[in-house]
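J.: Next comes data-v3.txt, compact mmCIF, C-alpha atoms:
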# COMPACT_ATOMS: atom_id res chain seq x y z
CA ALA A 1 143.95 194.94 134.56
CA GLN A 2 141.19 197.45 135.00
CA SER A 3 141.87 200.79 136.64
CA VAL A 4 140.25 204.14 137.24
CA THR A 5 141.86 207.55 137.63
CA GLN A 6 140.13 210.51 139.14
CA PRO A 7 142.68 213.30 138.71
CA ASP A 8 141.09 215.77 141.09
CA ILE A 9 141.25 214.98 144.81
CA HIS A 10 139.24 218.08 145.76
CA ILE A 11 137.09 220.46 143.76
CA THR A 12 135.39 223.59 145.04
CA VAL A 13 132.41 224.98 143.14
CA SER A 14 130.18 227.92 143.91
CA GLU A 15 126.55 227.12 144.49
CA GLY A 16 124.66 227.50 141.23
CA ALA A 17 127.75 227.02 139.09
CA SER A 18 128.27 224.09 136.76
CA LEU A 19 130.28 221.04 137.72
CA GLU A 20 132.44 218.53 135.88
CA LEU A 21 134.25 215.71 137.64
CA ARG A 22 136.79 213.84 135.60
CA CYS A 23 137.21 210.08 135.30
CA ASN A 24 139.59 208.14 133.09
CA TYR A 25 139.55 204.38 132.95
CA SER A 26 141.63 201.53 131.63
CA TYR A 27 139.81 198.41 130.56
CA GLY A 28 140.42 195.79 127.91
CA ALA A 29 136.88 195.39 126.63
CA THR A 30 133.68 197.38 126.64
CA PRO A 31 133.39 198.53 130.22
CA TYR A 32 130.54 198.97 132.59
CA LEU A 33 131.03 202.46 134.08
CA PHE A 34 129.46 203.94 137.18
CA TRP A 35 129.40 207.06 139.30
CA TYR A 36 128.64 206.75 143.00
CA VAL A 37 128.25 209.44 145.66
CA GLN A 38 129.10 209.12 149.34
CA SER A 39 128.11 211.44 152.16
CA PRO A 40 130.41 211.47 155.22
CA GLY A 41 130.21 208.26 157.25
CA GLN A 42 127.68 206.74 154.90
CA GLY A 43 127.57 204.09 152.23
CA LEU A 44 127.64 204.76 148.50
CA GLN A 45 124.65 205.65 146.37
CA LEU A 46 124.54 204.96 142.65
CA LEU A 47 124.15 208.13 140.57
CA LEU A 48 124.24 206.63 137.09
CA LYS A 49 125.66 203.85 134.96
CA TYR A 50 126.71 203.17 131.39
CA PHE A 51 127.27 199.91 129.56
CA SER A 52 125.92 200.42 126.07
CA GLY A 53 123.79 202.64 123.88
CA ASP A 54 123.60 206.40 124.11
CA THR A 55 126.91 207.74 125.34
CA LEU A 56 125.23 210.51 127.34
CA VAL A 57 123.53 209.01 130.36
CA GLN A 58 121.21 210.68 132.79
CA GLY A 59 121.22 209.89 136.47
CA ILE A 60 119.55 210.90 139.67
CA LYS A 61 119.75 214.33 141.30
CA GLY A 62 120.24 216.08 137.95
CA PHE A 63 123.61 214.47 137.14
CA GLU A 64 124.69 213.25 133.74
CA ALA A 65 127.83 211.64 132.37
CA GLU A 66 129.29 211.21 128.93
CA PHE A 67 131.18 208.14 127.78
CA LYS A 68 133.99 208.93 125.35
CA ARG A 69 135.68 205.76 124.17
CA SER A 70 138.41 207.60 122.26
CA GLN A 71 139.46 209.40 125.42
CA SER A 72 138.74 206.54 127.84
CA SER A 73 136.76 209.00 129.88
CA PHE A 74 133.45 209.07 131.70
CA ASN A 75 133.11 212.57 133.15
CA LEU A 76 130.28 213.51 135.47
CA ARG A 77 128.46 216.81 134.99
CA LYS A 78 125.76 218.89 136.58
CA PRO A 79 124.60 222.25 135.21
CA SER A 80 123.88 223.89 138.56
CA VAL A 81 125.31 222.66 141.85
CA HIS A 82 123.35 222.77 145.10
CA TRP A 83 124.89 222.89 148.57
CA SER A 84 123.48 219.41 149.21
CA ASP A 85 125.71 218.04 146.44
CA ALA A 86 128.77 218.43 148.66
CA ALA A 87 130.06 214.86 149.08
CA GLU A 88 132.67 212.49 147.75
CA TYR A 89 132.20 211.10 144.26
CA PHE A 90 133.58 207.82 142.99
CA CYS A 91 133.93 206.58 139.45
CA ALA A 92 134.04 202.81 138.97
CA VAL A 93 134.64 200.35 136.14
CA GLY A 94 134.04 196.65 135.80
CA PRO A 95 133.08 193.71 133.62
CA GLY A 96 129.53 194.04 134.86
CA TYR A 97 127.81 195.40 137.87
CA SER A 98 129.94 193.57 140.38
CA THR A 99 133.65 193.22 141.20
CA LEU A 100 134.12 196.88 140.40
CA THR A 101 137.36 198.81 140.53
CA PHE A 102 136.84 202.22 142.10
CA GLY A 103 138.77 205.42 141.66
CA LYS A 104 140.19 207.18 144.69
CA GLY A 105 137.39 209.68 144.74
CA THR A 106 136.89 213.40 144.29
CA MET A 107 135.70 215.47 147.22
CA LEU A 108 133.27 218.17 146.11
CA LEU A 109 133.04 221.29 148.23
CA VAL A 110 130.28 223.80 147.51
CA SER A 111 130.86 227.42 148.46
CA PRO A 112 127.98 229.84 149.07
CA ASP B 1 112.04 198.75 154.55
CA GLY B 2 114.53 196.52 152.82
CA GLY B 3 118.19 197.28 153.13
CA ILE B 4 121.64 196.35 154.31
CA THR B 5 122.49 196.61 157.98
CA GLN B 6 126.05 196.87 159.16
CA SER B 7 126.71 196.77 162.85
CA PRO B 8 128.14 198.27 164.87
CA LYS B 9 128.82 201.64 163.26
CA TYR B 10 132.00 202.11 165.32
CA LEU B 11 134.19 199.30 166.60
CA PHE B 12 137.32 199.49 168.70
CA ARG B 13 139.76 196.64 169.28
CA LYS B 14 143.19 196.05 170.67
CA GLU B 15 145.95 194.93 168.37
CA GLY B 16 146.25 191.16 168.16
CA GLN B 17 142.54 190.47 168.57
CA ASN B 18 140.31 189.11 165.85
CA VAL B 19 137.11 191.06 165.26
CA THR B 20 133.99 190.22 163.26
CA LEU B 21 131.95 192.80 161.38
CA SER B 22 128.31 192.05 160.75
CA CYS B 23 126.46 192.52 157.47
CA GLU B 24 122.81 191.52 157.08
CA GLN B 25 120.52 192.17 154.14
CA ASN B 26 116.79 191.59 153.70
CA LEU B 27 116.72 192.39 149.99
CA ASN B 28 116.82 188.74 148.90
CA HIS B 29 120.04 189.48 147.08
CA ASP B 30 122.22 186.61 145.94
CA ALA B 31 125.56 188.42 145.88
CA MET B 32 127.31 190.13 148.75
CA TYR B 33 130.60 192.03 148.94
CA TRP B 34 133.03 193.53 151.41
CA TYR B 35 135.03 196.64 150.56
CA ARG B 36 137.65 198.46 152.56
CA GLN B 37 137.89 202.25 152.32
CA ASP B 38 140.90 204.27 153.41
CA PRO B 39 141.18 208.07 153.08
CA GLY B 40 142.24 209.01 149.59
CA GLN B 41 142.31 205.37 148.47
CA GLY B 42 138.84 204.72 147.20
CA LEU B 43 137.25 201.32 147.77
CA ARG B 44 139.12 198.04 147.50
CA LEU B 45 137.40 194.67 147.26
CA ILE B 46 138.18 192.23 150.07
CA TYR B 47 135.86 189.27 149.46
CA TYR B 48 132.67 188.57 147.59
CA SER B 49 130.08 185.85 147.49
CA GLN B 50 127.70 185.19 144.64
CA ILE B 51 125.87 182.31 146.28
CA VAL B 52 125.46 180.72 149.69
CA ASN B 53 128.40 178.60 150.84
CA ASP B 54 130.69 180.04 148.19
CA PHE B 55 132.97 183.08 148.21
CA GLN B 56 135.99 184.43 146.36
CA LYS B 57 138.94 186.57 147.30
CA GLY B 58 139.08 190.11 146.09
CA ASP B 59 142.11 192.32 145.66
CA ILE B 60 143.12 192.57 149.32
CA ALA B 61 141.93 189.37 151.04
CA GLU B 62 145.06 188.75 153.11
CA GLY B 63 144.32 188.96 156.83
CA TYR B 64 140.56 188.66 156.36
CA SER B 65 138.11 185.78 156.37
CA VAL B 66 134.41 185.46 155.55
CA SER B 67 131.57 182.97 155.67
CA ARG B 68 128.28 182.76 153.80
CA GLU B 69 126.14 180.22 155.61
CA LYS B 70 122.91 182.12 155.01
CA LYS B 71 121.77 184.20 152.08
CA GLU B 72 121.07 187.16 154.34
CA SER B 73 124.39 187.27 156.16
CA PHE B 74 128.02 187.79 155.13
CA PRO B 75 130.20 188.45 158.20
CA LEU B 76 133.77 189.62 157.81
CA THR B 77 136.47 188.66 160.32
CA VAL B 78 139.50 190.89 160.53
CA THR B 79 142.24 188.70 161.89
CA SER B 80 145.37 189.61 163.78
CA ALA B 81 147.29 188.88 160.57
CA GLN B 82 145.88 192.00 158.94
CA LYS B 83 148.72 194.49 159.33
CA ASN B 84 146.70 197.71 159.03
CA PRO B 85 143.14 196.91 160.05
CA THR B 86 142.01 200.42 160.96
CA ALA B 87 139.67 201.48 158.15
CA PHE B 88 136.07 202.03 157.09
CA TYR B 89 134.46 198.79 155.95
CA LEU B 90 131.54 198.74 153.55
CA CYS B 91 129.27 195.82 152.80
CA ALA B 92 127.27 195.70 149.58
CA SER B 93 124.83 193.35 147.91
CA ALA B 94 123.30 192.79 144.49
CA PHE B 95 120.28 190.81 143.34
CA ASP B 96 122.12 189.37 140.37
CA PRO B 97 125.92 189.72 140.33
CA ARG B 98 125.91 190.09 136.54
CA ASN B 99 123.01 192.43 135.94
CA SER B 100 122.16 194.33 139.10
CA PRO B 101 123.81 197.37 140.67
CA LEU B 102 125.42 197.27 144.10
CA HIS B 103 123.49 198.43 147.15
CA PHE B 104 125.71 199.59 150.00
CA GLY B 105 125.33 199.52 153.76
CA ASN B 106 126.32 202.51 155.87
CA GLY B 107 129.63 201.02 156.90
CA THR B 108 131.54 200.13 160.06
CA ARG B 109 134.51 202.17 161.17
CA LEU B 110 137.05 199.88 162.80
CA THR B 111 139.82 201.31 164.95
CA VAL B 112 142.58 199.04 166.18
CA THR B 113 145.08 200.37 168.71
What's the structure tokens form of this structure?

T.:
Amino acid sequence: AQSVTQPDIHITVSEGASLELRCNYSYGATPYLFWYVQSPGQGLQLLLKYFSGDTLVQGIKGFEAEFKRSQSSFNLRKPSVHWSDAAEYFCAVGPGYSTLTFGKGTMLLVSP
Amino acid sequence: DGGITQSPKYLFRKEGQNVTLSCEQNLNHDAMYWYRQDPGQGLRLIYYSQIVNDFQKGDIAEGYSVSREKKESFPLTVTSAQKNPTAFYLCASAFDPRNSPLHFGNGTRLTVT
């Protein structure tokens, strides 16, 4: 069965500092991996995706993620966080784009 | 503008009543999905439909029902059999269930007392 673990429930980062959100997955084959962002009371927006090719993928809003098969990880990074990045972030895995399994989310708080 | 519309944004019901959540999309997407979100639990798949008049159970289908009579619409009924119906419900769609990313609506928060 596929599963996703996001070890950090909350993370607080100072504005302008770098960010890394952790994601570990369990999947029997080559996974499709995703990061989504959710603002309070809203739906989810896709930040980036990986399913093959270059293991460092670029997304929207200056985010990137690196797929590491040996560590079963797909960590999300941003070099300089903006206050508007405060939101909840979800990692997801699946056999394709649909029927995804989501992690429990990491809430990002940005301090001034 | 194309998108997914979920209505209403907030819904209140008494225990024991069935309630139907609306999801409409004008993106011409074939696939539609319902997820349930609880605090600290992430999203869990309730039902999905990859084509009109066909749908499959997700991970937590018990106490829910759906229909897909039109491509644009995928309503979710929360029945009285659902033991803990209070949650945030998200509808999503995709143009091609194999090769297209999910687009999400803005959700309906259901409170049952």

J.: Can you tell me which residues surround region 48-52 of chain B at a distance of at most 8 Å, considering all atoms listed in the file, apart from same-chain residues fewer than 5 positions away, and format the answer as a list in words?

T.: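 Using all atoms listed in the file, the neighbours found are Thr99 of chain A; Asp30, Ala31, Met32, Tyr33, Trp34, Lys57, Gly58, Arg68, Glu69, Lys70, Lys71 and Pro97 of chain B.
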
J.: Taking into account only C-alpha atoms, which residue in the set A:Val110, A:Ala17, A:Val93, A:Val4 is nearest to Thr30 (chain A)?

T.: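 The shortest atom-to-atom distance to Thr30 (chain A) comes from A:Val93.
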
J.: Using only C-alpha atoms, find the one residue out of A:Ala87, A:Leu100, A:Met107, A:Leu46 that sits nearest to Pro31 (chain A).

T.: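 Nearest candidate to Pro31 (chain A) out of A:Ala87, A:Leu100, A:Met107, A:Leu46: A:Leu100.
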
J.: One decimal, Å: what's the distance from CA of Ala61 (chain B) over to CA of Gln82 (chain B), could you say?

T.: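 Computed distance, CA of Ala61 (chain B) to CA of Gln82 (chain B), equals 9.2 Å.
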
J.: For the interface of chain A with chain B (cut-off 6 Å, counting all atoms listed in the file), please tabulate each contacting residue of chain A alongside its nearest pair of atoms and their separation in Å to one decimal, rows sorted by chain and increasing number, as JSON lines.

T.:
{"residue": "A:Gln42", "atom": "CA", "partner": "B:Asn106", "partner_atom": "CA", "distance": 4.5}
{"residue": "A:Gly43", "atom": "CA", "partner": "B:Asn106", "partner_atom": "CA", "distance": 4.2}
{"residue": "A:Leu44", "atom": "CA", "partner": "B:Phe104", "partner_atom": "CA", "distance": 5.7}
{"residue": "A:Gly96", "atom": "CA", "partner": "B:Arg98", "partner_atom": "CA", "distance": 5.6}
{"residue": "A:Tyr97", "atom": "CA", "partner": "B:Pro101", "partner_atom": "CA", "distance": 5.3}
{"residue": "A:Ser98", "atom": "CA", "partner": "B:Pro97", "partner_atom": "CA", "distance": 5.6}
{"residue": "A:Phe102", "atom": "CA", "partner": "B:Leu43", "partner_atom": "CA", "distance": 5.8}
{"residue": "A:Gly103", "atom": "CA", "partner": "B:Gly42", "partner_atom": "CA", "distance": 5.6}
{"residue": "A:Lys104", "atom": "CA", "partner": "B:Gly42", "partner_atom": "CA", "distance": 3.8}
{"residue": "A:Gly105", "atom": "CA", "partner": "B:Gly42", "partner_atom": "CA", "distance": 5.7}

J.: Suppose you want the space between CA of Gln25 (chain B) and CA of Gln6 (chain B); what is it in Å?

T.: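 About the pair CA of Gln25 (chain B) and CA of Gln6 (chain B): they are 8.8 Å apart.
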
J.: Interatomic distance between CA of Gly2 (chain B) and CA of Val57 (chain A)?

T.: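 So the answer is 27.2 Å.
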
J.: Could you pull the residues within 12 Å of Pro79 (chain A), counting only C-alpha atoms, minus those fewer than 5 positions along the same chain, as a ChimeraX atom specification?

T.: /A:13-21,61-65

J.: Could you list, as a list in words, every residue within 7 Å of region 73-81 of chain B, counting all atoms listed in the file and ignoring same-chain residues fewer than 6 positions away?

T.: Gly16, Gln17, Asn18, Val19, Thr20, Leu21, Ser22, Cys23, Glu24, Gln25, Met32, Gly63, Tyr64, Ser65, Val66 and Ser67 of chain B

J.: Please provide the set of residues having any atom within 9 Å of Lys14 (chain B), restricted to all atoms listed in the file, with same-chain residues fewer than 5 positions apart removed, written as a list in words.

T.: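 Within the cut-off, the hits are Thr111, Val112 and Thr113 of chain B.
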
J.: For Cys23 (chain A), work out the shell of residues within 7 Å, counting only C-alpha atoms and skipping chain neighbours fewer than 6 positions away, then give it as a VMD selection string.

T.: chain A and resid 4 to 6 73 to 75 91

J.: Could you please give me, as a list in words, the residues of protein, DNA or RNA lying at most 10 Å from (140.3, 194.8, 128.9) in the coordinate frame of the file, considering all atoms listed in the file?

T.: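 Counting all atoms listed in the file, I find these residues within 10 Å of (140.3, 194.8, 128.9): Ala1, Gln2, Ser3, Ser26, Tyr27, Gly28, Ala29, Thr30, Pro31, Gly94 and Pro95 of chain A.
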
J.: Output file request: region 36-61 of chain A, with N, CA and C atoms, as an mmCIF file, in the first residue's frame.

T.:
data_model
loop_
_atom_site.group_PDB
_atom_site.id
_atom_site.type_symbol
_atom_site.label_atom_id
_atom_site.label_comp_id
_atom_site.auth_asym_id
_atom_site.auth_seq_id
_atom_site.Cartn_x
_atom_site.Cartn_y
_atom_site.Cartn_z
ATOM 1 N N TYR A 36 1.401 19.951 -2.865
ATOM 2 C CA TYR A 36 0.289 20.884 -2.980
ATOM 3 C C TYR A 36 0.346 21.869 -1.819
ATOM 4 N N VAL A 37 -0.229 23.054 -2.026
ATOM 5 C CA VAL A 37 -0.324 24.058 -0.973
ATOM 6 C C VAL A 37 -1.779 24.435 -0.779
ATOM 7 N N GLN A 38 -2.150 24.668 0.477
ATOM 8 C CA GLN A 38 -3.531 25.038 0.794
ATOM 9 C C GLN A 38 -3.553 26.234 1.730
ATOM 10 N N SER A 39 -4.226 27.286 1.313
ATOM 11 C CA SER A 39 -4.473 28.424 2.192
ATOM 12 C C SER A 39 -5.724 28.131 3.008
ATOM 13 N N PRO A 40 -5.882 28.754 4.165
ATOM 14 C CA PRO A 40 -7.011 28.435 5.057
ATOM 15 C C PRO A 40 -8.361 28.530 4.351
ATOM 16 N N GLY A 41 -9.169 27.484 4.505
ATOM 17 C CA GLY A 41 -10.515 27.477 3.940
ATOM 18 C C GLY A 41 -10.578 27.386 2.433
ATOM 19 N N GLN A 42 -9.467 27.054 1.813
ATOM 20 C CA GLN A 42 -9.415 26.994 0.353
ATOM 21 C C GLN A 42 -9.104 25.582 -0.130
ATOM 22 N N GLY A 43 -9.176 25.409 -1.439
ATOM 23 C CA GLY A 43 -8.755 24.151 -2.022
ATOM 24 C C GLY A 43 -7.243 24.060 -2.116
ATOM 25 N N LEU A 44 -6.762 23.018 -2.766
ATOM 26 C CA LEU A 44 -5.326 22.799 -2.900
ATOM 27 C C LEU A 44 -4.842 23.263 -4.263
ATOM 28 N N GLN A 45 -3.631 23.799 -4.274
ATOM 29 C CA GLN A 45 -3.005 24.233 -5.515
ATOM 30 C C GLN A 45 -1.731 23.423 -5.718
ATOM 31 N N LEU A 46 -1.546 22.923 -6.932
ATOM 32 C CA LEU A 46 -0.363 22.132 -7.234
ATOM 33 C C LEU A 46 0.867 23.024 -7.330
ATOM 34 N N LEU A 47 1.908 22.690 -6.547
ATOM 35 C CA LEU A 47 3.172 23.418 -6.616
ATOM 36 C C LEU A 47 4.121 22.802 -7.630
ATOM 37 N N LEU A 48 4.247 21.484 -7.592
ATOM 38 C CA LEU A 48 5.151 20.797 -8.510
ATOM 39 C C LEU A 48 4.879 19.311 -8.470
ATOM 40 N N LYS A 49 5.471 18.607 -9.437
ATOM 41 C CA LYS A 49 5.250 17.168 -9.574
ATOM 42 C C LYS A 49 6.522 16.510 -10.105
ATOM 43 N N TYR A 50 6.641 15.221 -9.791
ATOM 44 C CA TYR A 50 7.745 14.430 -10.330
ATOM 45 C C TYR A 50 7.207 13.059 -10.717
ATOM 46 N N PHE A 51 7.618 12.580 -11.901
ATOM 47 C CA PHE A 51 7.342 11.180 -12.212
ATOM 48 C C PHE A 51 8.461 10.531 -12.993
ATOM 49 N N SER A 52 9.367 11.311 -13.521
ATOM 50 C CA SER A 52 10.517 10.719 -14.205
ATOM 51 C C SER A 52 11.492 11.828 -14.542
ATOM 52 N N GLY A 53 12.688 11.436 -14.996
ATOM 53 C CA GLY A 53 13.635 12.431 -15.476
ATOM 54 C C GLY A 53 14.459 13.044 -14.360
ATOM 55 N N ASP A 54 14.799 14.299 -14.541
ATOM 56 C CA ASP A 54 15.625 15.030 -13.589
ATOM 57 C C ASP A 54 15.023 14.966 -12.195
ATOM 58 N N THR A 55 15.843 14.584 -11.240
ATOM 59 C CA THR A 55 15.318 14.388 -9.885
ATOM 60 C C THR A 55 15.099 15.697 -9.134
ATOM 61 N N LEU A 56 15.579 16.792 -9.663
ATOM 62 C CA LEU A 56 15.319 18.107 -9.078
ATOM 63 C C LEU A 56 14.281 18.794 -9.945
ATOM 64 N N VAL A 57 13.121 19.036 -9.371
ATOM 65 C CA VAL A 57 12.035 19.621 -10.150
ATOM 66 C C VAL A 57 11.718 21.021 -9.644
ATOM 67 N N GLN A 58 11.415 21.867 -10.583
ATOM 68 C CA GLN A 58 11.066 23.241 -10.261
ATOM 69 C C GLN A 58 9.553 23.407 -10.310
ATOM 70 N N GLY A 59 9.037 24.218 -9.417
ATOM 71 C CA GLY A 59 7.607 24.451 -9.402
ATOM 72 C C GLY A 59 7.280 25.925 -9.448
ATOM 73 N N ILE A 60 6.045 26.214 -9.097
ATOM 74 C CA ILE A 60 5.615 27.606 -9.087
ATOM 75 C C ILE A 60 6.040 28.284 -7.794
ATOM 76 N N LYS A 61 5.989 29.592 -7.776
ATOM 77 C CA LYS A 61 6.254 30.404 -6.589
ATOM 78 C C LYS A 61 7.670 30.213 -6.049
#
